[in-house]
Amino acid sequence: MGSQIWLLGLCFLMCVFSFISVSSKALVGDGTVFIDGKAAIGRIDDDFVCATLDWWPPEKCDYGTCSWGHASLLNLDLGNNILLNAIKAFSPLKLRLGGTLQDKVIYDTPDDRQPCVPFANKSSEMFGFTQGCLPMNRWDELNTLFKKAGAKIIFGLNALYGRSIQSDGSAVGAWNYTNAESLIRYTVGKNFTIHGWELGNELSGNGVGTRVAADQYALDTVALQRIVQNIYKEIEPKPIIIAPGGFFDANWFKEFLNKTSKSLDVVTHHIYNLGPGVDQHLVEKILDPSYLDGEANTFRSLHNIVRSSETSAVAWVGEAGGAYNSGHNLVTNAFVFSFWYLDQLGMASSYDTKTYCRQTFIGGNYGLLNTTTFEPNPDYYSALLWHRLMGNNVLSTSFSGTKKIRAYAHCAKHSKGFTLLLINLDNSTTIQVKVAFNRTSSSRHKHKFHRKHIRLPQGYKSENDREEYHLTAKDRNLHSQTMLLNGKILTVNSSGDIPPLEPSYANSSSPISVAPFSIVFAHIPNVVPPACR
């Protein structure tokens with residue numbers, strides 16, 4: 001009996017060790033990404049990547065977490081080398097200046113006779129703050145930094161000035177543009193370059209805090225366009241007119257676009273599709289392909305409205321932080337958020353969105369830079385790689401295999417061939433991805449893809465090589481704020497210089513290996529789809 005028990009125990013241990021051995025082996029799957037390269041399905045701006053800077057004062061807190069510190073327009077350390085180098089690395093980076101408190105900002109221009117009083121906490125006021133002021137010496141300092149860094153500035157104007165807020169929450173009356181006009185004249189007088197003037201923040205549809213009707217907002221946008229045309233009469237190029245900078249509401253946006261067809265250059269909308277930053281299920285949402293797919297409805301609807309309207313305006317995402325109320329520490333500023341962010345960039349591009357502004361460049365728990373140290377967070381490097389590798393023309397892309405792979409392709413940027421972005425949301429399976437072209441049932445014949453004979457850049461072993469950029473989290477910890485590129489930690493040096501983003505090389509005929517919980521950019525220079533010629 002004892003020997004039988006011993007044998008059973010031995011069998012049990014062998015089974016356990018066998019299970020551990022099998023489960024510890026890396027799982028491998030395969031799939032195919034299909035690229036239809038006959039024609040572009042969208043076209044993005046060269047400076048598609050954009051980021052925001054907000055107005056929040058340092059005492060701004062959410063749910064007991066004070067996450068802004070000295071990282072807003074009014075108190076940001078403009079002499080920080082990392083800040084300067086981080087902007088310069090994009091050459092150029094669009095920066096949208098605005099946010100929740102922008103509709104409470106008074107500009108202390110020589111024409112303004114009000115005292116220049118800073119924001120102050122007051123719970124009875126909308127957003128919990130009194131009206132604040134932008135001193136012109138601070139505006140001068142900001143513009144000096146932006147010029148030095150080569151940034152392209154979008155400035156969000158106070159669109160509530162002169163209106164009264166009713167008991168039903170609506171803001172009524174025409175926009176009083178005198179203070180905004182004074183700021184624009186001051187800016188021109190100082191020879192500061194502004195890429196675009198944007199009217200208001202989150203006042204469309206139901207609004208946030210308050211709302212303005214579409215017909216009145218259209219009249220105010222027309223007024224802004226007239227002011228800009230007049231002040232910049234002798235100046236080219238003129239700044240673009242941008243509005244409404246709010247959450248998408250189909251009926252509101254449709255009416256607004258129809259009534260601003262000759263005055264508006266860019267229609268902007270905001271995205272916080274993950275819900276509040278305090279949500280404890282943010283990571284589950286980010287890793288759920290079906291949840292990520294949901295935002296396509298917004299892009300598709302706005303795209304259709306723009307196409308069917310007489311407007312010449314194009315669509316931008318004017319602000320997107322994923323999770324509102326400053327995001328969530330170690331989620332929206334950690335490696336895992338690059339899954340959401342890069343998927344958003346890919347999805348937005350496929351619906352002809354021209355620019356995508358991330359909330360924030362620095363500030364809150366969703367900054368591209370760390371609020372305290374200014375060190376780049378993982379999403380900064382994701383954004384920089386996108387900016388350098390993903391060209392203007394967007395290619396129709398689909399993936400056959402696991403639903404955990406997200407795939408997007410663009411013509412390569414300032415280079416031959418195309419670039420493929422692959423995101424693996426699976427925690428245990430490496431996917432070997434093959435690339436195929438022109439999987440279209442309606443096409444009677446295949447378009448020929450040019451194979452280019454290229455002069456080999458440094459690092460290439462043959463003209464059949466491709467560049468690969470594999471992004472992973474330190475210690476495979478999704479909450480890590482340290483990102484690895486091809487196994488090497490990305491960090492600034494003692495001078496605050498952004499590190500070089502160097503590829504590895506692989507033969508283009510071999511599958512692309514996408515490890516669990518990883519992101520891969522693959523630049524394939526020797527195959528040129530018709531859309532990329």
# chains A, B, ... in the order shown; residues from 1 in each chain; ligands from 1
$ residues_around --residues "A:Leu134" --least-positions-apart "4" --cutoff "8 Å" --atoms "only C-alpha atoms" --output "ChimeraX atom specification"
/A:74,105-108,116,118,138-139
$ select_by_dssp --residues "stretch 365-511 of chain A" --states "strand (DSSP E)" --output "PyMOL selection string"
chain A and resi 390-400+405-412+418-424+429-437+450-451+465-473+483-485+488-489+504-507
$ residues_around --residues "A:Pro378" --least-positions-apart "3" --cutoff "6 Å" --atoms "only C-alpha atoms" --output "PyMOL selection string"
chain A and resi 335+381+483
$ write_last_selection --atoms "N, CA, C and O atoms" --output "PDB file, in the first residue's frame"
ATOM      1  N   PHE A 335       3.699  52.159 -19.806  1.00  0.00           N
ATOM      2  CA  PHE A 335       3.833  51.457 -21.082  1.00  0.00           C
ATOM      3  C   PHE A 335       2.490  51.019 -21.655  1.00  0.00           C
ATOM      4  O   PHE A 335       2.249  51.128 -22.858  1.00  0.00           O
ATOM      5  N   TYR A 381       8.037  58.210 -26.666  1.00  0.00           N
ATOM      6  CA  TYR A 381       8.828  57.481 -27.657  1.00  0.00           C
ATOM      7  C   TYR A 381       7.933  56.846 -28.720  1.00  0.00           C
ATOM      8  O   TYR A 381       8.299  56.790 -29.903  1.00  0.00           O
ATOM      9  N   MET A 483      10.505  52.284 -21.067  1.00  0.00           N
ATOM     10  CA  MET A 483      10.283  51.562 -22.319  1.00  0.00           C
ATOM     11  C   MET A 483      11.616  51.091 -22.881  1.00  0.00           C
ATOM     12  O   MET A 483      12.626  51.792 -22.783  1.00  0.00           O
TER      13      MET A 483
END
$ atom_distance --atom1 "atom CA of A:Leu219" --atom2 "atom CA of A:Gly98"
21.3 Å
$ residues_around --residues "stretch 403-406 of chain A" --least-positions-apart "2" --cutoff "6 Å" --atoms "only C-alpha atoms" --output "mmCIF file with C-alpha atoms, in the first residue's frame"
data_model
loop_
_atom_site.group_PDB
_atom_site.id
_atom_site.type_symbol
_atom_site.label_atom_id
_atom_site.label_comp_id
_atom_site.auth_asym_id
_atom_site.auth_seq_id
_atom_site.Cartn_x
_atom_site.Cartn_y
_atom_site.Cartn_z
ATOM 1 C CA LEU A 422 1.721 45.947 -35.177
ATOM 2 C CA ILE A 423 0.375 45.877 -31.604
ATOM 3 C CA ASN A 424 0.126 42.582 -29.687
ATOM 4 C CA LEU A 425 -2.423 42.731 -26.860
ATOM 5 C CA ASP A 426 -1.885 39.084 -25.930
#
$ atom_distance --atom1 "atom CA of A:Tyr186" --atom2 "atom CA of A:Phe119"
22.3 Å
$ residues_around --residues "stretch 428-438 of chain A" --least-positions-apart "3" --cutoff "7 Å" --atoms "only C-alpha atoms" --output "PyMOL selection string"
chain A and resi 26-37+446+511-516
$ select_by_dssp --residues "stretch 216-419 of chain A" --states "alpha helix (DSSP H)" --output "ChimeraX atom specification"
/A:216-231,250-258,282-286,289-293,296-308,337-350,378-389
$ residues_around --residues "stretch 260-274 of chain A" --least-positions-apart "3" --cutoff "6 Å" --atoms "only C-alpha atoms" --output "VMD selection string"
chain A and resid 218 222 225 240 to 248 257 310 to 311 313 to 324
$ write_last_selection --atoms "C-alpha atoms" --output "JSON list (two decimals), in the first residue's frame"
[["chain", "number", "residue", "atom", "x", "y", "z"],
["A", 218, "ALA", "CA", -21.09, 79.32, -36.14],
["A", 222, "VAL", "CA", -17.33, 83.57, -38.73],
["A", 225, "GLN", "CA", -12.31, 84.41, -39.22],
["A", 240, "ILE", "CA", -5.97, 78.63, -39.71],
["A", 241, "ILE", "CA", -9.37, 78.89, -38.01],
["A", 242, "ILE", "CA", -10.19, 75.95, -35.74],
["A", 243, "ALA", "CA", -13.36, 75.01, -33.79],
["A", 244, "PRO", "CA", -15.21, 73.83, -31.78],
["A", 245, "GLY", "CA", -12.78, 71.75, -29.67],
["A", 246, "GLY", "CA", -15.51, 69.70, -28.05],
["A", 247, "PHE", "CA", -17.06, 66.26, -27.81],
["A", 248, "PHE", "CA", -18.67, 64.92, -30.94],
["A", 257, "LEU", "CA", -20.23, 72.74, -40.35],
["A", 310, "GLU", "CA", -20.02, 71.81, -48.33],
["A", 311, "THR", "CA", -17.23, 72.68, -45.89],
["A", 313, "ALA", "CA", -12.62, 72.00, -43.29],
["A", 314, "VAL", "CA", -10.65, 68.91, -42.32],
["A", 315, "ALA", "CA", -10.96, 66.90, -39.11],
["A", 316, "TRP", "CA", -8.50, 66.86, -36.22],
["A", 317, "VAL", "CA", -8.58, 65.25, -32.82],
["A", 318, "GLY", "CA", -8.00, 68.42, -30.82],
["A", 319, "GLU", "CA", -7.53, 66.76, -27.44],
["A", 320, "ALA", "CA", -7.36, 63.12, -26.36],
["A", 321, "GLY", "CA", -6.22, 61.84, -22.99],
["A", 322, "GLY", "CA", -8.15, 58.58, -22.97],
["A", 323, "ALA", "CA", -9.25, 58.82, -19.34],
["A", 324, "TYR", "CA", -10.57, 62.16, -18.11]]
$ closest_residue --among "A:Leu83, A:Ile194, A:Ile154, A:Cys50" --to "A:Thr373" --atoms "only C-alpha atoms"
A:Leu83
$ residues_around --residues "A:Lys148" --least-positions-apart "2" --cutoff "12 Å" --atoms "only C-alpha atoms" --output "list in words"
Leu78, Gly79, Asn81, Leu83, Leu84, Asn85, Ile87, Lys88, Ser91, Pro92, Glu141, Leu142, Asn143, Thr144, Leu145, Phe146, Gly150, Ala151, Lys152, Phe192 and Thr193 of chain A
$ write_last_selection --atoms "all heavy atoms" --output "short mmCIF file (atom, residue, chain, number, x, y, z; two decimals), in the first residue's frame"
data_model
loop_
_atom_site.label_atom_id
_atom_site.label_comp_id
_atom_site.auth_asym_id
_atom_site.auth_seq_id
_atom_site.Cartn_x
_atom_site.Cartn_y
_atom_site.Cartn_z
N LEU A 78 10.31 76.91 -18.32
CA LEU A 78 10.60 77.01 -19.74
C LEU A 78 12.09 76.86 -20.05
O LEU A 78 12.47 76.77 -21.22
CB LEU A 78 10.10 78.36 -20.27
CG LEU A 78 8.61 78.64 -20.04
CD1 LEU A 78 8.22 79.97 -20.64
CD2 LEU A 78 7.75 77.52 -20.60
N GLY A 79 12.93 76.83 -19.02
CA GLY A 79 14.36 76.69 -19.24
C GLY A 79 14.87 75.27 -19.15
O GLY A 79 16.07 75.03 -19.25
N ASN A 81 16.08 71.78 -20.14
CA ASN A 81 16.68 71.26 -21.38
C ASN A 81 15.90 70.10 -21.97
O ASN A 81 15.80 69.96 -23.19
CB ASN A 81 18.13 70.82 -21.12
CG ASN A 81 19.10 71.96 -21.26
OD1 ASN A 81 18.76 73.01 -21.80
ND2 ASN A 81 20.31 71.78 -20.77
N LEU A 83 12.71 69.54 -21.76
CA LEU A 83 11.51 70.10 -22.40
C LEU A 83 11.85 70.62 -23.78
O LEU A 83 11.16 70.30 -24.77
CB LEU A 83 10.94 71.22 -21.53
CG LEU A 83 9.74 71.98 -22.11
CD1 LEU A 83 8.52 71.09 -22.18
CD2 LEU A 83 9.45 73.22 -21.27
N LEU A 84 12.90 71.40 -23.88
CA LEU A 84 13.30 71.97 -25.16
C LEU A 84 13.67 70.88 -26.16
O LEU A 84 13.19 70.88 -27.31
CB LEU A 84 14.50 72.91 -24.95
CG LEU A 84 15.09 73.56 -26.20
CD1 LEU A 84 14.09 74.47 -26.87
CD2 LEU A 84 16.37 74.32 -25.85
N ASN A 85 14.47 69.92 -25.74
CA ASN A 85 14.91 68.86 -26.64
C ASN A 85 13.77 67.94 -27.05
O ASN A 85 13.74 67.43 -28.18
CB ASN A 85 16.02 68.04 -25.99
CG ASN A 85 17.30 68.84 -25.82
OD1 ASN A 85 17.54 69.81 -26.54
ND2 ASN A 85 18.12 68.46 -24.83
N ILE A 87 10.66 68.79 -27.52
CA ILE A 87 9.89 69.44 -28.58
C ILE A 87 10.69 69.44 -29.87
O ILE A 87 10.17 69.10 -30.95
CB ILE A 87 9.53 70.89 -28.17
CG1 ILE A 87 8.66 70.91 -26.92
CG2 ILE A 87 8.80 71.60 -29.32
CD1 ILE A 87 8.41 72.31 -26.36
N LYS A 88 11.96 69.79 -29.78
CA LYS A 88 12.82 69.88 -30.97
C LYS A 88 12.90 68.56 -31.74
O LYS A 88 13.05 68.55 -32.96
CB LYS A 88 14.23 70.29 -30.56
CG LYS A 88 14.46 71.78 -30.42
CD LYS A 88 15.94 72.05 -30.14
CE LYS A 88 16.26 73.54 -30.17
NZ LYS A 88 17.70 73.78 -29.92
N SER A 91 10.53 68.35 -34.79
CA SER A 91 10.87 69.25 -35.91
C SER A 91 9.85 69.22 -37.06
O SER A 91 10.17 68.77 -38.16
CB SER A 91 12.25 68.90 -36.45
OG SER A 91 13.23 69.09 -35.46
N PRO A 92 8.62 69.68 -36.94
CA PRO A 92 8.11 70.37 -35.77
C PRO A 92 7.08 69.53 -35.01
O PRO A 92 6.59 68.52 -35.50
CB PRO A 92 7.42 71.57 -36.40
CG PRO A 92 6.82 70.98 -37.66
CD PRO A 92 7.76 69.90 -38.12
N GLU A 141 7.39 84.99 -23.00
CA GLU A 141 8.31 83.91 -22.63
C GLU A 141 7.94 82.60 -23.33
O GLU A 141 8.81 81.87 -23.82
CB GLU A 141 8.29 83.71 -21.12
CG GLU A 141 8.88 84.84 -20.31
CD GLU A 141 8.58 84.74 -18.83
OE1 GLU A 141 7.82 83.82 -18.42
OE2 GLU A 141 9.11 85.58 -18.07
N LEU A 142 6.65 82.31 -23.37
CA LEU A 142 6.19 81.09 -24.03
C LEU A 142 6.56 81.10 -25.50
O LEU A 142 7.06 80.12 -26.05
CB LEU A 142 4.67 80.93 -23.86
CG LEU A 142 4.18 80.52 -22.47
CD1 LEU A 142 2.69 80.77 -22.32
CD2 LEU A 142 4.49 79.04 -22.20
N ASN A 143 6.31 82.22 -26.16
CA ASN A 143 6.61 82.32 -27.59
C ASN A 143 8.10 82.24 -27.88
O ASN A 143 8.52 81.73 -28.92
CB ASN A 143 6.00 83.59 -28.17
CG ASN A 143 4.53 83.41 -28.50
OD1 ASN A 143 4.18 82.85 -29.54
ND2 ASN A 143 3.66 83.86 -27.60
N THR A 144 8.92 82.74 -26.96
CA THR A 144 10.37 82.62 -27.12
C THR A 144 10.79 81.16 -27.12
O THR A 144 11.60 80.72 -27.94
CB THR A 144 11.09 83.39 -26.00
OG1 THR A 144 10.75 84.78 -26.08
CG2 THR A 144 12.60 83.24 -26.12
N LEU A 145 10.22 80.37 -26.17
CA LEU A 145 10.51 78.93 -26.12
C LEU A 145 10.03 78.25 -27.39
O LEU A 145 10.77 77.45 -28.00
CB LEU A 145 9.84 78.30 -24.91
CG LEU A 145 9.84 76.75 -24.91
CD1 LEU A 145 11.25 76.22 -24.68
CD2 LEU A 145 8.87 76.19 -23.89
N PHE A 146 8.79 78.55 -27.81
CA PHE A 146 8.22 77.86 -28.97
C PHE A 146 9.04 78.12 -30.23
O PHE A 146 9.26 77.22 -31.05
CB PHE A 146 6.77 78.29 -29.18
CG PHE A 146 5.87 77.98 -28.02
CD1 PHE A 146 4.81 78.82 -27.69
CD2 PHE A 146 6.07 76.86 -27.24
CE1 PHE A 146 3.97 78.54 -26.62
CE2 PHE A 146 5.24 76.56 -26.16
CZ PHE A 146 4.19 77.41 -25.85
N GLY A 150 11.04 75.32 -32.28
CA GLY A 150 10.46 75.03 -33.58
C GLY A 150 9.06 74.45 -33.52
O GLY A 150 8.63 73.71 -34.41
N ALA A 151 8.30 74.78 -32.46
CA ALA A 151 6.93 74.27 -32.31
C ALA A 151 5.96 75.07 -33.17
O ALA A 151 6.18 76.25 -33.47
CB ALA A 151 6.51 74.34 -30.85
N LYS A 152 4.87 74.43 -33.57
CA LYS A 152 3.78 75.09 -34.29
C LYS A 152 2.61 75.23 -33.31
O LYS A 152 2.10 74.22 -32.81
CB LYS A 152 3.38 74.29 -35.52
CG LYS A 152 4.49 74.20 -36.55
CD LYS A 152 4.13 73.30 -37.71
CE LYS A 152 3.14 73.92 -38.66
NZ LYS A 152 3.00 73.10 -39.90
N PHE A 192 5.12 87.16 -33.34
CA PHE A 192 4.99 85.77 -32.92
C PHE A 192 4.19 85.01 -33.98
O PHE A 192 3.18 85.54 -34.48
CB PHE A 192 4.28 85.66 -31.57
CG PHE A 192 4.99 86.31 -30.42
CD1 PHE A 192 4.27 86.84 -29.36
CD2 PHE A 192 6.37 86.39 -30.38
CE1 PHE A 192 4.92 87.45 -28.28
CE2 PHE A 192 7.04 86.99 -29.32
CZ PHE A 192 6.31 87.52 -28.27
N THR A 193 4.62 83.81 -34.28
CA THR A 193 3.93 83.00 -35.30
C THR A 193 2.95 82.04 -34.63
O THR A 193 3.33 81.24 -33.77
CB THR A 193 4.94 82.20 -36.13
OG1 THR A 193 5.84 83.11 -36.77
CG2 THR A 193 4.24 81.36 -37.17
#
$ decode --residues "stretch 102-116 of chain A" --atoms "N, CA, C and O atoms" --output "short mmCIF file (atom, residue, chain, number, x, y, z; two decimals), in the first residue's frame"
data_model
loop_
_atom_site.label_atom_id
_atom_site.label_comp_id
_atom_site.auth_asym_id
_atom_site.auth_seq_id
_atom_site.Cartn_x
_atom_site.Cartn_y
_atom_site.Cartn_z
N GLN A 102 -9.53 77.43 -20.37
CA GLN A 102 -9.25 78.46 -21.37
C GLN A 102 -10.40 79.44 -21.54
O GLN A 102 -10.19 80.61 -21.89
N ASP A 103 -11.63 78.99 -21.29
CA ASP A 103 -12.79 79.88 -21.42
C ASP A 103 -13.00 80.75 -20.18
O ASP A 103 -14.05 81.39 -20.03
N LYS A 104 -11.99 80.75 -19.29
CA LYS A 104 -12.01 81.64 -18.12
C LYS A 104 -10.76 82.52 -18.08
O LYS A 104 -10.48 83.16 -17.07
N VAL A 105 -10.00 82.53 -19.19
CA VAL A 105 -8.74 83.28 -19.23
C VAL A 105 -8.95 84.66 -19.85
O VAL A 105 -9.52 84.77 -20.93
N ILE A 106 -8.47 85.68 -19.15
CA ILE A 106 -8.45 87.05 -19.67
C ILE A 106 -7.00 87.36 -20.07
O ILE A 106 -6.06 86.99 -19.37
N TYR A 107 -6.83 88.02 -21.19
CA TYR A 107 -5.49 88.34 -21.69
C TYR A 107 -5.14 89.77 -21.27
O TYR A 107 -5.85 90.73 -21.61
N ASP A 108 -4.03 89.91 -20.56
CA ASP A 108 -3.64 91.19 -20.00
C ASP A 108 -2.91 92.05 -21.04
O ASP A 108 -1.75 92.42 -20.88
N THR A 109 -3.60 92.36 -22.11
CA THR A 109 -3.03 93.18 -23.18
C THR A 109 -3.09 94.66 -22.77
O THR A 109 -3.82 95.02 -21.83
N PRO A 110 -2.35 95.52 -23.47
CA PRO A 110 -2.41 96.95 -23.14
C PRO A 110 -3.83 97.53 -23.22
O PRO A 110 -4.13 98.51 -22.54
N ASP A 111 -4.70 96.91 -24.02
CA ASP A 111 -6.07 97.41 -24.16
C ASP A 111 -6.96 97.00 -23.00
O ASP A 111 -8.04 97.56 -22.81
N ASP A 112 -6.53 95.96 -22.25
CA ASP A 112 -7.37 95.44 -21.18
C ASP A 112 -7.15 96.23 -19.89
O ASP A 112 -6.02 96.37 -19.42
N ARG A 113 -8.22 96.73 -19.28
CA ARG A 113 -8.09 97.59 -18.11
C ARG A 113 -8.45 96.88 -16.82
O ARG A 113 -8.61 97.50 -15.78
N GLN A 114 -8.61 95.56 -16.89
CA GLN A 114 -8.91 94.79 -15.68
C GLN A 114 -7.61 94.43 -14.96
O GLN A 114 -6.57 94.29 -15.59
N PRO A 115 -7.67 94.25 -13.64
CA PRO A 115 -6.49 93.76 -12.91
C PRO A 115 -6.15 92.35 -13.39
O PRO A 115 -7.04 91.54 -13.65
N CYS A 116 -4.87 92.04 -13.52
CA CYS A 116 -4.43 90.70 -13.95
C CYS A 116 -4.34 89.81 -12.72
O CYS A 116 -3.30 89.74 -12.05
#
